[in-house]
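Q: My structure is in input37.txt, and what it holds is compact mmCIF, C-alpha atoms:
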```txt
# COMPACT_ATOMS: atom_id res chain seq x y z
CA ASP A 1 -74.21 111.69 93.37
CA GLN A 2 -77.91 112.42 93.70
CA GLN A 3 -79.68 109.18 94.57
CA VAL A 4 -83.11 110.78 94.52
CA LYS A 5 -84.01 113.07 91.65
CA GLN A 6 -86.87 115.39 90.93
CA ASN A 7 -86.31 116.51 87.37
CA SER A 8 -89.02 119.15 87.26
CA PRO A 9 -88.05 122.19 89.32
CA SER A 10 -91.47 123.73 88.90
CA LEU A 11 -95.04 122.91 87.93
CA SER A 12 -98.12 125.08 87.40
CA VAL A 13 -101.64 123.68 87.53
CA GLN A 14 -105.10 125.18 87.41
CA GLU A 15 -107.20 124.95 90.57
CA GLY A 16 -109.37 121.85 90.53
CA ARG A 17 -107.13 119.92 88.14
CA ILE A 18 -104.72 117.13 88.96
CA SER A 19 -101.13 117.86 90.00
CA ILE A 20 -98.60 115.12 89.31
CA LEU A 21 -95.17 115.41 90.86
CA ASN A 22 -92.51 112.92 89.87
CA CYS A 23 -89.49 111.46 91.59
CA ASP A 24 -86.86 108.96 90.43
CA TYR A 25 -84.32 107.08 92.48
CA THR A 26 -81.24 105.08 91.65
CA ASN A 27 -80.65 102.92 94.72
CA SER A 28 -82.55 99.63 94.46
CA MET A 29 -82.12 99.11 98.22
CA PHE A 30 -84.53 101.96 99.01
CA ASP A 31 -87.73 100.47 100.40
CA TYR A 32 -89.49 103.38 102.05
CA PHE A 33 -90.45 106.65 100.42
CA LEU A 34 -91.94 109.89 101.67
CA TRP A 35 -93.21 113.18 100.37
CA TYR A 36 -92.72 116.42 102.27
CA LYS A 37 -94.30 119.79 101.61
CA LYS A 38 -92.51 123.04 102.34
CA TYR A 39 -93.86 126.56 102.50
CA PRO A 40 -91.47 129.53 102.30
CA ALA A 41 -89.67 130.32 105.58
CA GLU A 42 -90.94 127.10 107.16
CA GLY A 43 -89.47 123.65 107.61
CA PRO A 44 -90.78 120.74 105.51
CA THR A 45 -93.82 118.92 106.83
CA PHE A 46 -94.59 115.26 106.27
CA LEU A 47 -97.29 114.60 103.71
CA ILE A 48 -97.53 110.92 102.82
CA SER A 49 -95.35 107.82 102.71
CA ILE A 50 -95.25 104.46 100.98
CA SER A 51 -93.48 101.20 101.68
CA SER A 52 -92.06 99.12 98.84
CA ILE A 53 -94.51 96.32 99.64
CA LYS A 54 -97.24 98.57 98.22
CA ASP A 55 -97.63 100.30 94.90
CA LYS A 56 -100.19 102.87 96.02
CA ASN A 57 -101.05 104.78 99.15
CA GLU A 58 -103.88 107.22 99.42
CA ASP A 59 -104.66 109.93 101.98
CA GLY A 60 -107.50 112.23 101.09
CA ARG A 61 -106.59 114.27 98.03
CA PHE A 62 -103.04 112.89 98.01
CA THR A 63 -102.02 109.60 96.43
CA VAL A 64 -98.51 108.27 96.03
CA PHE A 65 -97.74 105.65 93.40
CA LEU A 66 -94.61 103.52 93.43
CA ASN A 67 -93.21 101.73 90.39
CA LYS A 68 -90.33 99.67 91.74
CA SER A 69 -89.22 98.28 88.40
CA ALA A 70 -88.86 101.79 87.02
CA LYS A 71 -87.52 103.17 90.31
CA HIS A 72 -90.11 105.88 90.08
CA LEU A 73 -92.69 107.37 92.38
CA SER A 74 -95.26 110.05 91.84
CA LEU A 75 -97.51 112.18 93.99
CA HIS A 76 -100.99 112.96 92.68
CA ILE A 77 -103.02 115.79 94.17
CA VAL A 78 -106.67 115.80 93.17
CA PRO A 79 -108.26 118.29 93.09
CA SER A 80 -105.47 120.84 93.38
CA GLN A 81 -106.11 123.85 95.60
CA PRO A 82 -104.29 127.18 95.85
CA GLY A 83 -103.16 126.22 99.36
CA ASP A 84 -101.24 123.34 97.83
CA SER A 85 -98.79 125.81 96.32
CA ALA A 86 -95.48 124.88 97.94
CA VAL A 87 -92.25 123.05 97.29
CA TYR A 88 -92.59 119.27 97.41
CA PHE A 89 -89.66 117.04 98.28
CA CYS A 90 -89.53 113.30 97.87
CA ALA A 91 -87.26 111.28 100.14
CA ALA A 92 -86.14 107.67 100.26
CA THR A 93 -84.48 105.39 102.73
CA THR A 94 -83.59 101.79 103.47
CA LEU A 95 -85.44 100.66 106.56
CA LYS A 96 -83.06 97.90 107.56
CA THR A 97 -79.82 99.86 107.53
CA GLY A 98 -79.23 103.16 109.28
CA ASN A 99 -81.71 105.96 109.46
CA GLN A 100 -80.61 108.31 106.72
CA PHE A 101 -83.09 109.78 104.29
CA TYR A 102 -82.05 110.93 100.84
CA PHE A 103 -83.98 113.90 99.55
CA GLY A 104 -84.72 115.09 96.06
CA THR A 105 -84.13 118.69 94.98
CA GLY A 106 -87.79 119.62 95.22
CA THR A 107 -90.54 120.68 92.82
CA SER A 108 -92.22 124.03 93.28
CA LEU A 109 -95.95 123.64 92.65
CA THR A 110 -98.10 126.66 91.85
CA VAL A 111 -101.85 126.16 91.79
CA ILE A 112 -103.49 128.95 89.83
CA PRO A 113 -106.93 130.03 91.07
CA ASP B 1 -97.32 123.93 121.82
CA GLY B 2 -95.05 121.06 120.89
CA GLY B 3 -92.51 121.62 118.18
CA ILE B 4 -89.00 122.33 117.07
CA THR B 5 -87.46 125.76 117.34
CA GLN B 6 -84.39 126.99 115.59
CA SER B 7 -82.75 130.27 116.33
CA PRO B 8 -81.93 132.66 114.94
CA LYS B 9 -83.82 132.69 111.64
CA TYR B 10 -81.07 134.63 109.89
CA LEU B 11 -77.43 134.65 110.90
CA PHE B 12 -74.49 136.53 109.49
CA ARG B 13 -70.88 135.78 110.30
CA LYS B 14 -67.48 136.81 109.09
CA GLU B 15 -65.34 134.27 107.33
CA GLY B 16 -63.11 132.35 109.72
CA GLN B 17 -65.47 132.57 112.69
CA ASN B 18 -67.16 129.59 114.25
CA VAL B 19 -70.91 129.87 114.69
CA THR B 20 -73.41 127.74 116.61
CA LEU B 21 -76.95 127.14 115.42
CA SER B 22 -79.54 126.30 118.02
CA CYS B 23 -82.14 123.52 117.79
CA GLU B 24 -84.58 122.72 120.58
CA GLN B 25 -87.51 120.30 120.62
CA ASN B 26 -90.18 119.70 123.24
CA LEU B 27 -91.67 116.65 121.53
CA ASN B 28 -89.78 114.20 123.75
CA HIS B 29 -88.19 112.73 120.63
CA ASP B 30 -85.13 110.54 120.94
CA ALA B 31 -83.63 111.24 117.52
CA MET B 32 -82.51 114.57 116.10
CA TYR B 33 -80.98 115.55 112.78
CA TRP B 34 -79.23 118.40 111.02
CA TYR B 35 -79.62 118.97 107.30
CA ARG B 36 -78.25 121.52 104.91
CA GLN B 37 -80.08 122.81 101.85
CA ASP B 38 -78.34 124.53 98.95
CA PRO B 39 -79.98 125.93 95.81
CA GLY B 40 -80.73 123.18 93.32
CA GLN B 41 -79.92 120.42 95.79
CA GLY B 42 -81.94 118.25 98.09
CA LEU B 43 -81.54 118.22 101.83
CA ARG B 44 -78.24 116.66 102.80
CA LEU B 45 -77.63 115.09 106.19
CA ILE B 46 -74.85 116.62 108.27
CA TYR B 47 -75.17 114.82 111.61
CA TYR B 48 -77.77 112.83 113.46
CA SER B 49 -78.26 111.68 117.02
CA GLN B 50 -80.26 108.62 117.97
CA ILE B 51 -80.11 109.23 121.68
CA VAL B 52 -78.56 111.55 124.26
CA ASN B 53 -74.75 111.60 124.29
CA ASP B 54 -74.60 109.84 120.95
CA PHE B 55 -74.28 111.23 117.43
CA GLN B 56 -73.21 110.00 114.02
CA LYS B 57 -71.82 111.69 110.93
CA GLY B 58 -73.98 112.09 107.89
CA ASP B 59 -72.83 112.55 104.31
CA ILE B 60 -71.35 116.02 104.75
CA ALA B 61 -70.06 116.23 108.32
CA GLU B 62 -66.70 117.80 107.49
CA GLY B 63 -66.35 121.25 109.02
CA TYR B 64 -69.25 120.74 111.42
CA SER B 65 -69.55 119.57 115.01
CA VAL B 66 -72.51 118.74 117.25
CA SER B 67 -73.30 117.83 120.83
CA ARG B 68 -76.27 116.07 122.44
CA GLU B 69 -75.99 116.66 126.14
CA LYS B 70 -79.74 116.99 126.62
CA LYS B 71 -82.59 115.17 124.92
CA GLU B 72 -84.25 118.37 123.82
CA SER B 73 -81.20 120.14 122.41
CA PHE B 74 -78.93 119.41 119.44
CA PRO B 75 -76.76 122.45 118.61
CA LEU B 76 -74.71 122.54 115.42
CA THR B 77 -71.40 124.39 115.23
CA VAL B 78 -70.22 125.49 111.82
CA THR B 79 -66.48 125.76 112.12
CA SER B 80 -64.02 127.78 110.09
CA ALA B 81 -62.98 124.49 108.46
CA GLN B 82 -66.29 124.32 106.56
CA LYS B 83 -65.33 125.58 103.10
CA ASN B 84 -68.73 126.78 101.97
CA PRO B 85 -70.88 127.44 105.05
CA THR B 86 -73.44 129.78 103.50
CA ALA B 87 -76.63 127.71 103.31
CA PHE B 88 -80.05 127.06 104.80
CA TYR B 89 -79.83 124.74 107.80
CA LEU B 90 -82.72 122.58 108.95
CA CYS B 91 -83.03 120.68 112.19
CA ALA B 92 -85.42 117.76 112.56
CA SER B 93 -86.46 115.23 115.16
CA SER B 94 -88.27 111.92 115.22
CA ARG B 95 -89.77 109.85 118.01
CA THR B 96 -87.19 107.14 117.52
CA ALA B 97 -84.32 106.52 115.15
CA ILE B 98 -86.37 103.98 113.21
CA ASN B 99 -86.57 105.11 109.60
CA SER B 100 -90.31 104.82 109.35
CA ASP B 101 -90.80 107.37 112.12
CA THR B 102 -91.79 110.73 110.70
CA GLN B 103 -89.23 113.47 110.94
CA TYR B 104 -90.53 116.84 112.10
CA PHE B 105 -88.62 119.86 110.91
CA GLY B 106 -87.89 123.22 112.44
CA PRO B 107 -88.29 126.47 110.45
CA GLY B 108 -84.60 126.61 109.56
CA THR B 109 -81.72 129.05 109.95
CA ARG B 110 -80.25 130.83 106.97
CA LEU B 111 -76.53 131.33 107.56
CA THR B 112 -74.61 133.81 105.46
CA VAL B 113 -70.85 134.02 105.81
CA LEU B 114 -69.45 137.31 104.59
```
Translate the structure described by the file into structure tokens.
A:
Amino acid sequence: DQQVKQNSPSLSVQEGRISILNCDYTNSMFDYFLWYKKYPAEGPTFLISISSIKDKNEDGRFTVFLNKSAKHLSLHIVPSQPGDSAVYFCAATTLKTGNQFYFGTGTSLTVIP
Amino acid sequence: DGGITQSPKYLFRKEGQNVTLSCEQNLNHDAMYWYRQDPGQGLRLIYYSQIVNDFQKGDIAEGYSVSREKKESFPLTVTSAQKNPTAFYLCASSRTAINSDTQYFGPGTRLTVL
């Protein structure tokens, strides 16, 4: 059973506009969330994280929002650039127990120049 | 250059043969992980190791085996007992086994069983 879901397999955005990638989770014990970015033929690379004690974390053009009541997080990229075109995975874990991350299925973002 | 290497990038094997995937890291990380990615699915944890000579099963360990004899190496053997071994395999490491430590991934090995 998929505990972390990314319901949009793909997203296309014009360069300079905002990209919003969504992620839902089912396990209320998750308290730490991450976004990874993956280019073809490469392993995922860490992008940004957020703890459940926050509802927003910002790093340059990337902002992650967490809505605990809705069990939903989103990644905003502003402004989007062609180099942002990649597959984005969200992941979740419970910090107190074990060290297993649960990954979503990924969203392929294409930024159109 | 510090990083994680996985070899080979592409691997083909006949059904019924065991195959070992290599994962090496020179980041001096304590923890290492093996994931599997299938189309339309997220990364799923096969095995992880928090420290040398220790490893734990993940969600889908059946048909796989690992060893952690050295800190820098965490090879994964896909045995003939794995019913659907064709997949993309990713190795990762983190400084410690604490969840908040970032996991760094290798480039992956695509295994095709014919």
Q: Do you know which residues are at most 9 Å from Leu27 of chain B counting all atoms listed in the file, after dropping those on the same chain fewer than 6 positions away, and could you put them as a PyMOL selection string?
A: chain B and resi 2-4+72+93-95
Q: Within 8 Å of chain B, which residues of chain A show up? Give each one with its shortest atom-to-atom distance in Å (one decimal) and the two atoms involved, counting only C-alpha atoms, rows by chain then rising residue number, as CSV.
A:
```
residue,atom,partner,partner_atom,distance
A:Tyr32,CA,B:Ser100,CA,7.5
A:Ala41,CA,B:Pro107,CA,6.4
A:Glu42,CA,B:Pro107,CA,4.3
A:Gly43,CA,B:Pro107,CA,4.2
A:Pro44,CA,B:Phe105,CA,5.9
A:Thr45,CA,B:Tyr104,CA,6.6
A:Phe46,CA,B:Thr102,CA,6.9
A:Phe89,CA,B:Gly42,CA,7.8
A:Thr93,CA,B:Asn99,CA,7.2
A:Thr94,CA,B:Asn99,CA,7.6
A:Leu95,CA,B:Asn99,CA,5.5
A:Gly98,CA,B:Asn99,CA,7.6
A:Asn99,CA,B:Asn99,CA,4.9
A:Gln100,CA,B:Asn99,CA,7.4
A:Phe101,CA,B:Leu45,CA,7.8
A:Tyr102,CA,B:Arg44,CA,7.2
A:Phe103,CA,B:Gly42,CA,5.0
A:Gly104,CA,B:Gly42,CA,4.7
A:Thr105,CA,B:Gly42,CA,3.8
A:Gly106,CA,B:Gly42,CA,6.7
```
Q: Using Å and a single decimal, report how far atom CA of Ser108 of chain A sits from atom CA of Trp34 of chain B.
A: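 Going from atom CA of Trp34 of chain B over to atom CA of Ser108 of chain A covers 22.7 Å.
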Q: To one decimal place, how far is atom CA of Asn7 of chain A from atom CA of Tyr88 of chain A in Å?
A: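 Here the two named atoms are 12.2 Å from each other.
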Q: From the list A:Ile50, A:Val111, A:Ile77, A:Cys90, which residue is nearest Phe65 of chain A when using only C-alpha atoms?
A: A:Ile50
Q: Just to confirm, what's the straight-line distance from atom CA of Val78 of chain A to atom CA of Phe30 of chain A in Å (one decimal)?
A: 26.8 Å
Q: Any idea what's packed within 10 Å of Thr86 of chain B, counting only C-alpha atoms, ignoring anything in its chain fewer than 5 positions away? Could you give it as a PDB file with C-alpha atoms, keeping the file's coordinate frame?
A:
```pdb
ATOM      1  CA  LEU B  11     -77.430 134.650 110.900  1.00  0.00           C
ATOM      2  CA  PHE B  12     -74.490 136.530 109.490  1.00  0.00           C
ATOM      3  CA  ARG B  13     -70.880 135.780 110.300  1.00  0.00           C
ATOM      4  CA  ARG B  36     -78.250 121.520 104.910  1.00  0.00           C
ATOM      5  CA  GLN B  37     -80.080 122.810 101.850  1.00  0.00           C
ATOM      6  CA  ASP B  38     -78.340 124.530  98.950  1.00  0.00           C
ATOM      7  CA  VAL B  78     -70.220 125.490 111.820  1.00  0.00           C
ATOM      8  CA  ARG B 110     -80.250 130.830 106.970  1.00  0.00           C
ATOM      9  CA  LEU B 111     -76.530 131.330 107.560  1.00  0.00           C
ATOM     10  CA  THR B 112     -74.610 133.810 105.460  1.00  0.00           C
ATOM     11  CA  VAL B 113     -70.850 134.020 105.810  1.00  0.00           C
ATOM     12  CA  LEU B 114     -69.450 137.310 104.590  1.00  0.00           C
TER      13      LEU B 114
END
```
Q: What would the file be for segment 92-104 of chain A if you keep all heavy atoms and write it as a compact mmCIF listing (two decimals), in the first residue's frame?
A:
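This went into out-v2.txt:
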```txt
# COMPACT_ATOMS: atom_id res chain seq x y z
N ALA A 92 8.88 10.51 2.89
CA ALA A 92 8.46 10.78 4.26
C ALA A 92 9.01 9.73 5.18
O ALA A 92 9.25 8.59 4.79
CB ALA A 92 6.93 10.81 4.33
N THR A 93 9.17 10.11 6.45
CA THR A 93 9.67 9.17 7.43
C THR A 93 9.20 9.58 8.82
O THR A 93 8.65 10.67 9.00
CB THR A 93 11.21 9.11 7.40
OG1 THR A 93 11.66 8.03 8.23
CG2 THR A 93 11.83 10.40 7.90
N THR A 94 9.39 8.68 9.75
CA THR A 94 9.12 8.96 11.16
C THR A 94 10.46 8.99 11.87
O THR A 94 11.16 7.98 11.92
CB THR A 94 8.23 7.86 11.77
OG1 THR A 94 7.06 7.73 10.97
CG2 THR A 94 7.85 8.19 13.19
N LEU A 95 10.81 10.14 12.41
CA LEU A 95 12.16 10.31 12.95
C LEU A 95 12.44 9.41 14.15
O LEU A 95 13.54 8.92 14.34
CB LEU A 95 12.39 11.77 13.35
CG LEU A 95 12.55 12.75 12.19
CD1 LEU A 95 12.68 14.16 12.73
CD2 LEU A 95 13.75 12.39 11.34
N LYS A 96 11.42 9.15 14.95
CA LYS A 96 11.68 8.43 16.20
C LYS A 96 11.87 6.94 16.00
O LYS A 96 12.50 6.27 16.82
CB LYS A 96 10.53 8.67 17.18
CG LYS A 96 10.50 10.08 17.75
CD LYS A 96 9.39 10.22 18.77
CE LYS A 96 9.34 11.63 19.32
NZ LYS A 96 8.22 11.82 20.25
N THR A 97 11.31 6.39 14.95
CA THR A 97 11.33 4.93 14.81
C THR A 97 11.99 4.53 13.50
O THR A 97 11.52 4.88 12.43
CB THR A 97 9.90 4.35 14.82
OG1 THR A 97 9.15 4.94 13.76
CG2 THR A 97 9.21 4.63 16.14
N GLY A 98 13.04 3.80 13.56
CA GLY A 98 13.69 3.27 12.37
C GLY A 98 14.26 4.36 11.48
O GLY A 98 14.27 5.53 11.82
N ASN A 99 14.73 4.01 10.35
CA ASN A 99 15.30 4.99 9.45
C ASN A 99 14.85 4.73 8.02
O ASN A 99 15.60 4.88 7.09
CB ASN A 99 16.81 5.02 9.54
CG ASN A 99 17.41 3.67 9.23
OD1 ASN A 99 16.70 2.69 9.08
ND2 ASN A 99 18.71 3.61 9.12
N GLN A 100 13.62 4.31 7.86
CA GLN A 100 13.11 4.01 6.52
C GLN A 100 12.35 5.20 5.97
O GLN A 100 11.50 5.78 6.65
CB GLN A 100 12.20 2.78 6.57
CG GLN A 100 11.63 2.43 5.22
CD GLN A 100 11.08 1.02 5.17
OE1 GLN A 100 11.47 0.17 5.96
NE2 GLN A 100 10.19 0.78 4.25
N PHE A 101 12.68 5.54 4.74
CA PHE A 101 11.94 6.56 4.02
C PHE A 101 10.94 5.88 3.09
O PHE A 101 11.22 4.84 2.53
CB PHE A 101 12.88 7.42 3.18
CG PHE A 101 13.70 8.38 3.98
CD1 PHE A 101 14.95 8.03 4.43
CD2 PHE A 101 13.20 9.64 4.30
CE1 PHE A 101 15.71 8.91 5.18
CE2 PHE A 101 13.96 10.52 5.05
CZ PHE A 101 15.21 10.16 5.49
N TYR A 102 9.80 6.51 2.93
CA TYR A 102 8.79 6.05 1.98
C TYR A 102 8.70 7.09 0.87
O TYR A 102 8.49 8.27 1.14
CB TYR A 102 7.45 5.86 2.66
CG TYR A 102 7.48 4.74 3.68
CD1 TYR A 102 7.87 4.98 4.99
CD2 TYR A 102 7.16 3.43 3.31
CE1 TYR A 102 7.94 3.95 5.91
CE2 TYR A 102 7.21 2.40 4.23
CZ TYR A 102 7.61 2.66 5.53
OH TYR A 102 7.67 1.64 6.43
N PHE A 103 8.88 6.61 -0.36
CA PHE A 103 8.94 7.51 -1.49
C PHE A 103 7.65 7.49 -2.29
O PHE A 103 7.00 6.45 -2.42
CB PHE A 103 10.09 7.10 -2.42
CG PHE A 103 11.45 7.46 -1.91
CD1 PHE A 103 12.09 6.65 -0.97
CD2 PHE A 103 12.10 8.59 -2.36
CE1 PHE A 103 13.35 6.97 -0.50
CE2 PHE A 103 13.37 8.92 -1.89
CZ PHE A 103 13.99 8.11 -0.96
N GLY A 104 7.32 8.64 -2.87
CA GLY A 104 6.23 8.70 -3.83
C GLY A 104 6.70 8.18 -5.18
O GLY A 104 7.87 7.83 -5.36
```
